[in-house]
file work.cif (mmCIF, C-alpha atoms and all ligand atoms)
data_run
loop_
_atom_site.label_atom_id
_atom_site.label_comp_id
_atom_site.auth_asym_id
_atom_site.auth_seq_id
_atom_site.Cartn_x
_atom_site.Cartn_y
_atom_site.Cartn_z
CA MET A 1 0.00 0.00 0.00
CA THR A 2 1.42 3.41 -0.94
CA ALA A 3 1.52 6.37 1.43
CA ALA A 4 -1.35 8.01 -0.48
CA GLU A 5 -3.52 4.91 0.02
CA ASN A 6 -2.54 4.53 3.62
CA PRO A 7 -5.52 5.71 5.68
CA PRO A 8 -5.44 7.18 9.14
CA THR A 9 -5.52 4.13 11.40
CA ALA A 10 -8.12 5.83 13.53
CA ILE A 11 -10.59 8.66 13.33
CA GLU A 12 -8.54 10.50 15.95
CA ASP A 13 -5.63 10.66 13.50
CA ALA A 14 -7.91 12.04 10.78
CA ASP A 15 -9.22 14.76 13.11
CA ASN A 16 -5.80 15.75 14.37
CA SER A 17 -4.23 16.03 10.95
CA GLY A 18 -4.27 19.83 10.89
CA GLY A 19 -3.66 21.31 14.33
CA SER A 20 -2.83 24.85 13.15
CA LEU A 21 -4.17 27.83 15.07
CA ARG A 22 -6.53 28.48 12.17
CA ASN A 23 -7.97 24.97 12.50
CA VAL A 24 -8.27 25.42 16.27
CA ALA A 25 -10.29 28.59 15.62
CA ILE A 26 -12.44 26.87 12.96
CA ALA A 27 -13.25 23.98 15.32
CA GLU A 28 -14.14 26.30 18.20
CA ILE A 29 -16.32 28.63 16.08
CA ARG A 30 -18.12 25.61 14.60
CA ARG A 31 -18.68 24.24 18.10
CA ARG A 32 -20.19 27.55 19.23
CA ILE A 33 -22.48 27.66 16.20
CA THR A 34 -23.58 24.04 16.70
CA THR A 35 -24.37 24.52 20.39
CA GLY A 36 -26.13 27.85 19.80
CA GLU A 37 -23.56 29.84 21.81
CA LEU A 38 -23.28 31.90 18.63
CA PRO A 39 -26.95 32.35 17.66
CA SER A 40 -27.92 33.13 14.08
CA GLU A 41 -29.73 36.38 14.84
CA VAL A 42 -26.92 38.23 16.70
CA SER A 43 -23.88 39.57 14.88
CA PHE A 44 -20.41 39.02 16.28
CA SER A 45 -17.03 40.59 15.60
CA ALA A 46 -13.65 39.10 14.82
CA ALA A 47 -12.12 41.22 17.62
CA THR A 48 -14.43 39.72 20.27
CA LEU A 49 -13.68 36.22 19.03
CA CYS A 50 -9.91 36.87 19.21
CA GLU A 51 -10.30 37.94 22.80
CA GLU A 52 -12.53 35.04 23.81
CA LEU A 53 -10.43 32.40 22.04
CA GLY A 54 -7.14 33.91 23.20
CA LEU A 55 -5.86 33.92 19.61
CA SER A 56 -4.32 36.62 17.47
CA ARG A 57 -6.16 38.26 14.56
CA ALA A 58 -4.54 36.33 11.72
CA PRO A 59 -5.74 32.77 12.51
CA VAL A 60 -9.20 34.00 13.55
CA ARG A 61 -9.62 36.02 10.34
CA GLU A 62 -8.44 33.05 8.27
CA ALA A 63 -10.93 30.82 10.09
CA LEU A 64 -13.75 33.27 9.41
CA ILE A 65 -12.88 33.36 5.69
CA VAL A 66 -12.96 29.55 5.50
CA LEU A 67 -16.26 29.33 7.40
CA GLU A 68 -17.84 31.98 5.18
CA GLN A 69 -16.77 30.06 2.07
CA LEU A 70 -18.28 26.90 3.56
CA GLY A 71 -21.59 28.68 4.25
CA TRP A 72 -21.49 28.71 8.05
CA ILE A 73 -21.43 32.50 8.40
CA THR A 74 -21.85 35.66 6.32
CA SER A 75 -19.89 38.87 6.74
CA GLN A 76 -21.92 42.02 7.26
CA PRO A 77 -20.59 45.37 6.03
CA ARG A 78 -19.28 47.27 9.09
CA SER A 79 -21.11 45.08 11.59
CA GLY A 80 -19.14 41.85 11.84
CA TYR A 81 -20.52 38.42 11.03
CA LEU A 82 -23.82 36.57 11.19
CA VAL A 83 -24.28 32.82 11.60
CA ALA A 84 -26.23 31.40 8.65
CA PRO A 85 -29.80 30.56 9.74
CA MET A 86 -31.04 26.98 9.94
CA THR A 87 -33.56 26.35 7.17
CA LEU A 88 -35.63 23.42 5.92
CA ASN A 89 -33.98 23.89 2.53
CA GLU A 90 -30.51 23.48 4.00
CA LEU A 91 -31.67 20.48 6.03
CA ARG A 92 -33.06 18.82 2.89
CA ASP A 93 -29.92 19.62 0.88
CA LEU A 94 -27.61 18.19 3.56
CA PHE A 95 -29.61 14.96 3.79
CA THR A 96 -29.68 14.71 -0.02
CA LEU A 97 -25.88 14.80 -0.02
CA ARG A 98 -25.74 12.17 2.71
CA SER A 99 -28.15 9.92 0.86
CA LEU A 100 -26.02 10.15 -2.28
CA LEU A 101 -22.64 9.66 -0.62
CA GLU A 102 -23.04 7.58 2.54
CA PRO A 103 -24.11 4.32 0.87
CA ARG A 104 -20.93 4.50 -1.20
CA ALA A 105 -18.83 5.32 1.87
CA ALA A 106 -20.35 2.38 3.78
CA SER A 107 -19.69 0.05 0.86
CA LEU A 108 -16.04 1.14 0.72
CA ALA A 109 -15.70 0.75 4.51
CA ALA A 110 -17.00 -2.84 4.29
CA ARG A 111 -14.35 -3.63 1.69
CA HIS A 112 -11.56 -2.37 3.99
CA ILE A 113 -12.80 -3.43 7.41
CA ASP A 114 -10.67 -6.60 7.59
CA ASP A 115 -7.54 -4.45 7.72
CA HIS A 116 -8.93 -2.25 10.51
CA PRO A 117 -10.50 -4.43 13.22
CA THR A 118 -10.09 -1.74 15.90
CA GLU A 119 -12.24 0.63 13.86
CA GLY A 120 -14.82 -2.13 13.40
CA ARG A 121 -15.02 -2.59 17.17
CA ALA A 122 -15.41 1.17 17.64
CA LEU A 123 -18.38 1.10 15.23
CA SER A 124 -19.99 -1.72 17.24
CA ASP A 125 -19.33 0.07 20.54
CA PHE A 126 -21.35 3.08 19.40
CA ALA A 127 -24.09 1.06 17.70
CA ASP A 128 -24.63 -1.12 20.80
CA GLN A 129 -24.70 1.73 23.35
CA ASN A 130 -27.86 3.16 24.77
CA ASP A 131 -26.74 6.66 25.68
CA ASP A 132 -29.00 9.66 26.02
CA PRO A 133 -29.17 11.25 22.53
CA SER A 134 -29.78 14.71 23.97
CA THR A 135 -26.22 15.08 25.33
CA PRO A 136 -23.30 16.76 23.54
CA GLU A 137 -21.32 13.54 24.14
CA TRP A 138 -23.81 11.49 22.13
CA LEU A 139 -23.75 14.06 19.33
CA ASN A 140 -19.98 13.85 19.25
CA ARG A 141 -19.95 10.05 19.27
CA HIS A 142 -22.64 9.99 16.58
CA TYR A 143 -20.55 12.25 14.34
CA ARG A 144 -17.49 10.08 14.96
CA PHE A 145 -19.42 6.89 14.13
CA HIS A 146 -20.40 8.22 10.70
CA ARG A 147 -17.03 9.90 10.13
CA ARG A 148 -15.23 6.66 11.02
CA ILE A 149 -17.11 4.88 8.22
CA VAL A 150 -16.03 7.51 5.70
CA VAL A 151 -12.41 7.42 6.87
CA LEU A 152 -12.45 3.63 6.52
CA GLY A 153 -13.44 4.10 2.87
CA LEU A 154 -9.98 5.56 2.10
CA ASN A 155 -11.40 8.25 -0.17
CA ARG A 156 -10.18 11.62 1.05
CA GLU A 157 -12.44 13.69 -1.21
CA LEU A 158 -15.49 11.76 -0.04
CA ASP A 159 -14.31 12.33 3.53
CA ARG A 160 -13.89 16.06 2.94
CA VAL A 161 -17.43 16.52 1.63
CA LEU A 162 -19.19 14.13 4.02
CA SER A 163 -17.44 15.32 7.19
CA GLU A 164 -18.47 18.89 6.37
CA THR A 165 -22.05 17.73 5.71
CA LEU A 166 -22.19 15.81 9.00
CA LEU A 167 -20.83 18.79 10.95
CA LYS A 168 -23.40 21.15 9.43
CA LEU A 169 -26.22 18.75 10.27
CA GLU A 170 -25.28 18.64 13.96
CA ARG A 171 -27.03 21.96 14.58
CA TYR A 172 -30.34 20.39 13.61
CA PHE A 173 -29.76 17.54 16.06
CA THR A 174 -29.53 20.02 18.97
CA ILE A 175 -33.13 21.28 18.52
CA ASP A 176 -35.34 20.37 21.51
CA THR A 177 -38.03 18.58 19.53
CA VAL A 178 -35.38 16.55 17.69
CA HIS A 179 -33.89 15.49 21.06
CA ARG A 180 -37.30 14.32 22.19
CA ALA A 181 -37.92 12.44 18.94
CA LEU A 182 -34.52 10.74 19.20
CA ALA A 183 -35.17 9.75 22.82
CA ALA A 184 -38.60 8.34 21.94
CA GLU A 185 -37.40 6.51 18.83
CA PRO A 186 -33.59 6.08 18.88
CA LEU A 187 -31.89 5.69 15.51
CA ASP A 188 -30.64 2.12 15.17
CA HIS A 189 -27.03 2.03 13.96
CA ARG A 190 -26.59 -1.75 14.39
CA PRO A 191 -27.62 -2.90 10.87
CA LEU A 192 -25.06 -0.50 9.38
CA SER A 193 -22.31 -1.41 11.85
CA ASN A 194 -22.99 -5.16 11.50
CA ALA A 195 -22.98 -5.11 7.69
CA ILE A 196 -19.64 -3.25 7.60
CA ASN A 197 -18.13 -5.59 10.20
CA ARG A 198 -19.23 -8.60 8.13
CA GLY A 199 -17.54 -7.06 5.10
CA ASP A 200 -20.85 -7.22 3.22
CA HIS A 201 -20.53 -4.15 1.01
CA MET A 202 -23.97 -4.40 -0.60
CA ALA A 203 -25.77 -4.79 2.72
CA ALA A 204 -23.67 -1.91 4.12
CA ALA A 205 -24.77 0.38 1.27
CA ASP A 206 -28.42 -0.60 1.77
CA ALA A 207 -28.20 -0.10 5.54
CA ALA A 208 -26.60 3.34 5.08
CA ALA A 209 -29.33 4.41 2.61
CA LEU A 210 -32.06 3.25 5.00
CA HIS A 211 -30.40 4.90 8.00
CA VAL A 212 -30.07 8.27 6.25
CA SER A 213 -33.70 8.24 5.08
CA GLN A 214 -34.93 7.29 8.58
CA ALA A 215 -32.81 10.05 10.15
CA GLN A 216 -34.08 12.61 7.63
CA LEU A 217 -37.70 11.68 8.31
CA LEU A 218 -37.23 11.80 12.08
CA VAL A 219 -35.42 15.15 12.13
CA THR A 220 -37.68 16.82 9.57
CA GLU A 221 -40.92 15.67 11.23
CA ALA A 222 -39.63 16.71 14.65
CA ILE A 223 -38.76 20.19 13.39
CA LEU A 224 -42.08 20.60 11.55
CA SER A 225 -43.96 19.64 14.70
CA SER A 226 -42.15 22.19 16.87
CA ASP A 227 -43.99 25.21 18.26
CA SER A 228 -41.67 27.63 16.49
CA MET A 229 -42.77 26.22 13.13
CA ARG A 230 -46.44 26.78 13.92
CA SER A 231 -46.03 30.54 13.61
CA VAL A 232 -44.15 30.46 10.29
CA PRO A 233 -46.35 32.21 7.73
CA ILE A 234 -47.31 30.19 4.67
CA SER A 235 -46.96 32.46 1.66
CA ARG A 236 -48.58 31.98 -1.70
CA SER A 237 -46.01 32.01 -4.49
CA SER A 238 -46.24 35.30 -6.41
CA LYS A 239 -46.34 33.38 -9.72
CA ALA A 240 -49.40 31.38 -8.73
CA HIS A 241 -51.06 34.55 -7.44
CA THR A 242 -50.40 36.44 -10.68
CA ARG A 243 -51.63 33.55 -12.79
CA ARG A 244 -54.83 33.41 -10.88
CA SER A 245 -55.56 37.15 -10.95
CA ASN A 246 -54.89 37.23 -14.70
CA ALA A 247 -57.09 34.23 -15.42
CA LYS A 248 -60.36 35.00 -17.14
CA GLY A 249 -63.48 33.14 -16.08
CA GLY A 250 -61.76 31.76 -12.98
CA ASP A 251 -63.50 29.87 -10.25
CA ARG A 252 -65.00 32.90 -8.55
ZN ZN A 301 -26.66 8.10 12.48
#
call {"tool": "encode", "arguments": {"input": "work.cif", "output": "structure tokens"}}
result
Amino acid sequence: MTAAENPPTAIEDADNSGGSLRNVAIAEIRRRITTGELPSEVSFSAATLCEELGLSRAPVREALIVLEQLGWITSQPRSGYLVAPMTLNELRDLFTLRSLLEPRAASLAARHIDDHPTEGRALSDFADQNDDPSTPEWLNRHYRFHRRIVVLGLNRELDRVLSETLLKLERYFTIDTVHRALAAEPLDHRPLSNAINRGDHMAAADAAALHVSQAQLLVTEAILSSDSMRSVPISRSSKAHTRRSNAKGGDR
């Protein structure tokens, strides 16, 4: 196996591959966005972040540029930065990406699992646990479970896109109604973990596809049932409205 094909032997190695100050700042800003410490409706400044993170301007500014390019924040003329709002469109788009890419990642992981038994055991450990899904620890372990599968696939570009997608989705998993839905009906990761550990690449792809669609349904339904969604106005599309007012002999 060449160096380029040689995967990180563990997810920890993959996560620690870029420990620059910029990456430290990126990780901390992402964490604050995910937990809601940086809410989407309040602007924040680079200077305040430098102070709070104990970092100089250069790495924090670089981190903010990267996060803006990735769609986590937007810069506001003369008033700092705003966290991008959570939307049903973004939620749908993130799950669409997962549904396209995760079956492939799971299939690749199943092909390589024999060479990485420790990673296989780590997958089983998470899948067999019964931890409270409303805790930050569960969220972190859940991310690492899915990330571990992608890392096992030995495709760095797939890892780059999917890890970003998984991180962006974490915000939606911290919503109260999603916590409650997860507690009432925990997502079962065993079929996916078992198929990968058996080295059954077709079953792994099927299990990943099913898992992503179940997760999407659970999260979307939980968000749509939340009180905050009840007050969202339903607007008529202007096109439909125009068509109707222009129509002669309509149904009035
Ligand atoms: Zn999952």
call {"tool": "axis_aligned_box", "arguments": {"input": "work.cif", "around": "segment 81-96 of chain A", "padding_each_side": "8 Å", "output": "AutoDock Vina command-line options"}}
result
--center_x -28.1 --center_y 26.6 --center_z 5.8 --size_x 31.1 --size_y 39.7 --size_z 27.6
call {"tool": "residues_near_ligand", "arguments": {"input": "work.cif", "ligand": "ligand ZN 301 (chain A)", "cutoff": "8 Å", "atoms": "only C-alpha atoms and all ligand atoms", "output": "VMD selection string"}}
result
chain A and resid 142 to 143 145 to 146 187 to 189 211 to 212 215
call {"tool": "closest_residue", "arguments": {"input": "work.cif", "among": "A:Gln214, A:Ala222, A:Arg160, A:Asn155", "to": "Arg180 of chain A", "atoms": "all atoms listed in the file"}}
result
A:Ala222
call {"tool": "atom_distance", "arguments": {"input": "work.cif", "atom1": "atom CA of Lys168 of chain A", "atom2": "atom CA of Met202 of chain A"}}
result
27.5 Å
call {"tool": "closest_residue", "arguments": {"input": "work.cif", "among": "A:Phe44, A:His116, A:Leu21, A:Gly199", "to": "Ser56 of chain A", "atoms": "all atoms listed in the file"}}
result
A:Leu21
call {"tool": "atom_distance", "arguments": {"input": "work.cif", "atom1": "atom CA of Asn130 of chain A", "atom2": "atom CA of Leu101 of chain A"}}
result
26.7 Å
call {"tool": "closest_residue", "arguments": {"input": "work.cif", "among": "A:Val83, A:Leu100, A:Val161, A:Ala109", "to": "Leu210 of chain A", "atoms": "all atoms listed in the file"}}
result
A:Leu100
call {"tool": "closest_residue", "arguments": {"input": "work.cif", "among": "A:Arg78, A:Arg61, A:Arg98, A:Arg171", "to": "Ser213 of chain A", "atoms": "all atoms listed in the file"}}
result
A:Arg98
call {"tool": "closest_residue", "arguments": {"input": "work.cif", "among": "A:Leu158, A:Ala181, A:Leu53, A:Ile223", "to": "Ser134 of chain A", "atoms": "all atoms listed in the file"}}
result
A:Ala181
call {"tool": "atom_distance", "arguments": {"input": "work.cif", "atom1": "atom CA of Leu166 of chain A", "atom2": "atom CA of Glu51 of chain A"}}
result
28.7 Å
call {"tool": "residues_around", "arguments": {"input": "work.cif", "residues": "segment 122-127 of chain A", "least_positions_apart": "3", "cutoff": "10 Å", "atoms": "all atoms listed in the file", "output": "PyMOL selection string"}}
result
chain A and resi 10-11+117-119+130-131+138+141-142+144-146+148-149+187-194+196-197
call {"tool": "write_last_selection", "arguments": {"input": "work.cif", "atoms": "C-alpha atoms", "output": "CSV table (one decimal), in the frame of the given file"}}
result
chain,number,residue,atom,x,y,z
A,10,ALA,CA,-8.1,5.8,13.5
A,11,ILE,CA,-10.6,8.7,13.3
A,117,PRO,CA,-10.5,-4.4,13.2
A,118,THR,CA,-10.1,-1.7,15.9
A,119,GLU,CA,-12.2,0.6,13.9
A,130,ASN,CA,-27.9,3.2,24.8
A,131,ASP,CA,-26.7,6.7,25.7
A,138,TRP,CA,-23.8,11.5,22.1
A,141,ARG,CA,-20.0,10.0,19.3
A,142,HIS,CA,-22.6,10.0,16.6
A,144,ARG,CA,-17.5,10.1,15.0
A,145,PHE,CA,-19.4,6.9,14.1
A,146,HIS,CA,-20.4,8.2,10.7
A,148,ARG,CA,-15.2,6.7,11.0
A,149,ILE,CA,-17.1,4.9,8.2
A,187,LEU,CA,-31.9,5.7,15.5
A,188,ASP,CA,-30.6,2.1,15.2
A,189,HIS,CA,-27.0,2.0,14.0
A,190,ARG,CA,-26.6,-1.8,14.4
A,191,PRO,CA,-27.6,-2.9,10.9
A,192,LEU,CA,-25.1,-0.5,9.4
A,193,SER,CA,-22.3,-1.4,11.8
A,194,ASN,CA,-23.0,-5.2,11.5
A,196,ILE,CA,-19.6,-3.2,7.6
A,197,ASN,CA,-18.1,-5.6,10.2
call {"tool": "residues_near_point", "arguments": {"input": "work.cif", "point": "(-8.5, 31.6, 12.3)", "cutoff": "12 Å", "atoms": "only C-alpha atoms", "output": "PyMOL selection string"}}
result
chain A and resi 19-30+46-47+49-50+53-68
call {"tool": "closest_residue", "arguments": {"input": "work.cif", "among": "A:Asp176, A:Glu157, A:Glu170, A:Glu41", "to": "Ala84 of chain A", "atoms": "all atoms listed in the file"}}
result
A:Glu41
call {"tool": "residues_around", "arguments": {"input": "work.cif", "residues": "Leu91 of chain A", "least_positions_apart": "5", "cutoff": "8 Å", "atoms": "only C-alpha atoms", "output": "PyMOL selection string"}}
result
chain A and resi 86+169+172+220
call {"tool": "residues_around", "arguments": {"input": "work.cif", "residues": "Glu102 of chain A", "least_positions_apart": "4", "cutoff": "8 Å", "atoms": "only C-alpha atoms", "output": "list in words"}}
result
Arg98, Ala106, Val150, Leu162, Ala205, Ala208, Ala209 and Val212 of chain A
